[in-house]
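Asker: The file below is query_6.txt, compact mmCIF, C-alpha atoms (C1' of nucleotides):
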# COMPACT_ATOMS: atom_id res chain seq x y z
CA MET A 1 0.00 0.00 0.00
CA LYS A 2 3.06 2.23 -0.13
CA GLU A 3 3.79 1.89 -3.84
CA LYS A 4 0.42 3.47 -4.53
CA GLU A 5 1.09 6.38 -2.16
CA LEU A 6 4.37 6.98 -3.93
CA ARG A 7 2.76 7.29 -7.33
CA ARG A 8 0.08 9.62 -6.06
CA SER A 9 2.83 11.85 -4.75
CA LEU A 10 4.76 12.01 -8.02
CA SER A 11 4.61 15.49 -9.50
CA VAL A 12 3.97 14.95 -13.18
CA PHE A 13 1.24 17.31 -14.33
CA PRO A 14 1.83 20.81 -15.69
CA ILE A 15 -0.60 23.51 -14.55
CA GLY A 16 -2.49 23.35 -17.83
CA THR A 17 -3.57 19.76 -17.18
CA VAL A 18 -4.53 20.58 -13.61
CA MET A 19 -6.67 23.47 -14.83
CA LYS A 20 -8.71 21.15 -17.05
CA LEU A 21 -8.98 18.45 -14.39
CA THR A 22 -10.08 20.82 -11.62
CA ASP A 23 -11.81 23.53 -13.62
CA LEU A 24 -9.81 26.13 -11.67
CA THR A 25 -7.90 29.07 -13.16
CA ALA A 26 -4.09 29.14 -13.08
CA ARG A 27 -4.45 32.19 -10.83
CA GLN A 28 -6.45 30.24 -8.27
CA ILE A 29 -4.19 27.19 -8.38
CA ARG A 30 -1.12 29.34 -7.74
CA TYR A 31 -2.94 31.26 -5.03
CA TYR A 32 -3.81 28.08 -3.12
CA GLU A 33 -0.16 27.19 -3.31
CA GLU A 34 0.72 30.53 -1.68
CA GLN A 35 -1.72 29.57 1.08
CA SER A 36 0.34 26.38 1.53
CA LEU A 37 -2.62 24.16 0.70
CA ILE A 38 -0.62 22.36 -2.00
CA HIS A 39 3.13 22.05 -2.63
CA PRO A 40 3.80 21.36 -6.30
CA LYS A 41 7.43 20.72 -7.22
CA ARG A 42 9.24 22.70 -9.90
CA ASN A 43 10.93 21.17 -12.93
CA ASP A 44 14.18 22.34 -14.48
CA GLY A 45 12.38 25.14 -16.26
CA ASN A 46 10.82 26.49 -13.06
CA ARG A 47 7.48 25.12 -14.18
CA ARG A 48 5.13 23.83 -11.45
CA MET A 49 4.51 20.08 -11.57
CA TYR A 50 1.48 18.74 -9.70
CA SER A 51 0.80 15.29 -8.25
CA LEU A 52 -2.48 13.39 -8.02
CA ASN A 53 -2.54 14.29 -4.33
CA ASP A 54 -2.29 17.97 -5.21
CA ILE A 55 -5.21 17.56 -7.59
CA ASP A 56 -7.26 15.82 -4.91
CA VAL A 57 -6.64 18.69 -2.50
CA LEU A 58 -7.59 21.20 -5.18
CA LEU A 59 -10.85 19.33 -5.72
CA GLU A 60 -11.48 19.30 -1.97
CA ILE A 61 -10.88 23.03 -1.83
CA LYS A 62 -13.50 23.50 -4.52
CA ASP A 63 -16.00 21.58 -2.39
CA TYR A 64 -15.25 23.55 0.76
CA LEU A 65 -15.56 26.76 -1.20
CA SER A 66 -18.90 25.74 -2.67
CA GLU A 67 -20.05 24.94 0.85
CA GLY A 68 -19.41 28.53 1.82
CA ILE A 69 -16.12 28.09 3.65
CA ASN A 70 -13.56 30.87 3.15
CA MET A 71 -9.80 30.53 2.63
CA ALA A 72 -9.09 31.19 6.30
CA GLY A 73 -11.41 28.35 7.27
CA ILE A 74 -9.97 25.96 4.71
CA LYS A 75 -6.46 26.73 5.89
CA HIS A 76 -7.49 25.88 9.43
CA ILE A 77 -8.91 22.57 8.29
CA TYR A 78 -5.61 21.58 6.66
CA ASP A 79 -3.53 22.97 9.53
CA MET A 80 -5.43 20.72 11.94
CA LYS A 81 -5.05 17.68 9.69
CA ARG A 82 -1.33 18.46 9.41
CA GLU A 83 -0.83 18.67 13.15
CA GLU A 84 -2.59 15.35 13.68
CA LYS A 85 -0.30 13.64 11.19
CA GLU A 86 2.79 15.13 12.80
CA LYS A 87 1.57 13.86 16.12
CA LYS A 88 1.11 10.31 14.82
CA ALA A 89 4.47 10.43 13.03
CA ALA A 90 6.09 11.34 16.34
CA GLU A 91 4.40 8.39 18.04
CA LEU A 92 5.89 5.94 15.55
CA LYS A 93 9.40 7.30 16.02
CA LYS A 94 9.06 7.34 19.79
CA PRO A 95 11.44 4.70 21.22
CA VAL A 96 10.05 1.95 23.48
CA THR A 97 10.67 2.79 27.15
CA ASP A 98 11.67 0.37 29.91
CA ASP A 99 8.18 0.83 31.26
CA ASP A 100 6.66 -0.33 27.99
CA VAL A 101 8.93 -3.36 27.93
CA ARG A 102 7.73 -4.30 31.42
CA ARG A 103 4.06 -4.02 30.48
CA ILE A 104 4.57 -5.96 27.27
CA PHE A 105 6.57 -8.73 28.97
CA HIS A 106 3.90 -9.00 31.66
CA ASP A 107 1.18 -9.60 29.09
CA GLU A 108 3.34 -12.10 27.23
CA LEU A 109 3.43 -14.15 30.42
CA LEU A 110 -0.35 -14.00 30.76
CA GLN A 111 -0.71 -15.35 27.23
CA ALA A 112 1.78 -18.15 27.80
CA GLY A 113 -0.22 -19.09 30.86
CA GLY A 114 -3.30 -19.66 28.74
CA LEU A 115 -5.21 -17.00 30.62
CA ARG A 116 -6.45 -15.57 27.36
CA ASP A 117 -8.80 -16.98 24.69
CA GLU A 118 -7.35 -18.29 21.39
CA SER A 119 -9.78 -16.53 19.01
CA GLY A 120 -7.86 -15.11 16.06
CA PRO A 121 -4.27 -13.88 15.84
CA THR A 122 -3.21 -12.48 19.18
CA PRO A 123 -2.45 -8.76 18.82
CA LEU A 124 0.96 -8.03 20.23
CA PHE A 125 0.41 -4.50 21.43
CA HIS A 126 -3.26 -3.67 21.14
CA THR A 127 -3.82 -4.64 24.73
CA HIS A 128 -1.68 -1.71 25.82
CA LYS A 129 -2.47 1.92 25.90
CA PRO A 130 -0.73 3.94 23.12
CA LEU A 131 3.03 4.16 23.67
C1' DA B 1 2.13 26.97 -27.53
C1' DT B 2 2.79 27.20 -22.24
C1' DT B 3 3.92 28.83 -17.94
C1' DC B 4 6.11 32.34 -14.85
C1' DT B 5 6.32 36.72 -12.11
C1' DC B 6 4.65 41.07 -11.22
C1' DA B 7 1.54 44.76 -11.13
C1' DC B 8 -3.02 47.38 -11.35
C1' DA B 9 -6.87 52.22 -16.00
C1' DT C 1 -9.40 37.04 -8.22
C1' DG C 2 -9.05 38.80 -13.16
C1' DT C 3 -5.94 40.18 -16.57
C1' DG C 4 -2.23 42.01 -19.42
C1' DA C 5 2.86 42.61 -19.92
C1' DG C 6 7.34 40.77 -20.90
C1' DT C 7 10.01 36.32 -20.24
C1' DA C 8 11.97 31.82 -20.41
Would you kindly transcribe this structure into structure tokens?

Answerer:
Amino acid sequence: MKEKELRRSLSVFPIGTVMKLTDLTARQIRYYEEQSLIHPKRNDGNRRMYSLNDIDVLLEIKDYLSEGINMAGIKHIYDMKREEKEKKAAELKKPVTDDDVRRIFHDELLQAGGLRDESGPTPLFHTHKPL
DNA sequence: ATTCTCACA
DNA sequence: TGTGAGTA
């Protein structure tokens, strides 16, 4: 499921193609970039190259706009989503503490002792609160 | 032909 | 946000 993410992140469309796909003007597309809603890469000729993800965001922006949400509101929506992702990314990089090891080892013993049912694959960490 | 930056009767 | 100018 990572190969797919990679392709969606590849910047391969010039602004002209994005205009037709999103029905937005070049002015608007560049403006939303200034608002940091999208981050198209630049090719060797300083031309903006958009990814499928950028196009999806552009389409989402159109929806929000049609629903009466202004740029400030839309920016807040993406700022929140960004902070949540950064938070989760930090969780994954967080090293396992001695405390975690103790809790995990304790549960491993309970399992070995047959004190738990055998239904389905036994989740290794789900029985613990988030690390 | 396309896209880019900048500016505004 | 639109649009025209002067480029690359």

Asker: Can you list every residue of chain A that has an atom at most 8 Å from chain C, with its nearest atom pair and the distance in Å to one decimal, using all atoms listed in the file, ordered by chain then number, as JSON lines?

Answerer:
{"residue": "A:Arg27", "atom": "CA", "partner": "C:DT1", "partner_atom": "C1'", "distance": 7.4}
{"residue": "A:Gln28", "atom": "CA", "partner": "C:DT1", "partner_atom": "C1'", "distance": 7.4}
{"residue": "A:Gly45", "atom": "CA", "partner": "C:DA8", "partner_atom": "C1'", "distance": 7.9}

Asker: Select, as JSON, numbers by chain, those residues of chain A with any atom no more than 8 Å from chain B (distances computed using only C-alpha atoms (C1' of nucleotides)).

Answerer: {"A": [15, 16, 46, 47]}

Asker: Based on the selection just made, write C-alpha atoms of those residues as a PDB file, keeping the file's coordinate frame.

Answerer:
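Generated output (out_28.pdb):
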ATOM      1  CA  ILE A  15      -0.600  23.510 -14.550  1.00  0.00           C
ATOM      2  CA  GLY A  16      -2.490  23.350 -17.830  1.00  0.00           C
ATOM      3  CA  ASN A  46      10.820  26.490 -13.060  1.00  0.00           C
ATOM      4  CA  ARG A  47       7.480  25.120 -14.180  1.00  0.00           C
TER       5      ARG A  47
END

Asker: Which value, in Å to one decimal, gives the distance between atom CA of Tyr32 of chain A and atom CA of Ile61 of chain A?

Answerer: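 These two atoms are separated by 8.8 Å.
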
Asker: How far is it from atom CA of Thr25 of chain A to atom CA of Arg8 of chain A, in Å with one decimal?

Answerer: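 Separating atom CA of Thr25 of chain A from atom CA of Arg8 of chain A is a distance of 22.2 Å.
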
Asker: Report, in Å with one decimal, the straight-line distance from atom CA of Met80 of chain A to atom CA of Ser11 of chain A.

Answerer: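 A separation of 24.2 Å between them.
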
Asker: Which is closest to Asp23 of chain A among A:Lys88, A:Lys62, A:His106, A:Ile69, if we use only C-alpha atoms?

Answerer: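 Nearest candidate to Asp23 of chain A out of A:Lys88, A:Lys62, A:His106, A:Ile69: A:Lys62.
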
Asker: For segment 3-9 of chain B, what centre and edge lengths in Å (one decimal) does the axis-aligned box get once 8 Å is added on each side of all its listed atoms, as AutoDock Vina command-line options?

Answerer:
--center_x -0.3 --center_y 40.5 --center_z -14.5 --size_x 29.2 --size_y 39.4 --size_z 22.8

Asker: Please determine, counting only C-alpha atoms, which residue among A:Asp79, A:Glu33, A:Asp99, A:Glu86 has the shortest atom-to-atom distance to Met49 of chain A.

Answerer: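 For Met49 of chain A, the nearest of the given residues is A:Glu33.
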
Asker: Under the rule that only C-alpha atoms are counted, which of A:Leu58, A:Met1, A:Ile38, A:Met71 is the nearest residue to Val18 of chain A?

Answerer: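 For Val18 of chain A, the nearest of the given residues is A:Leu58.
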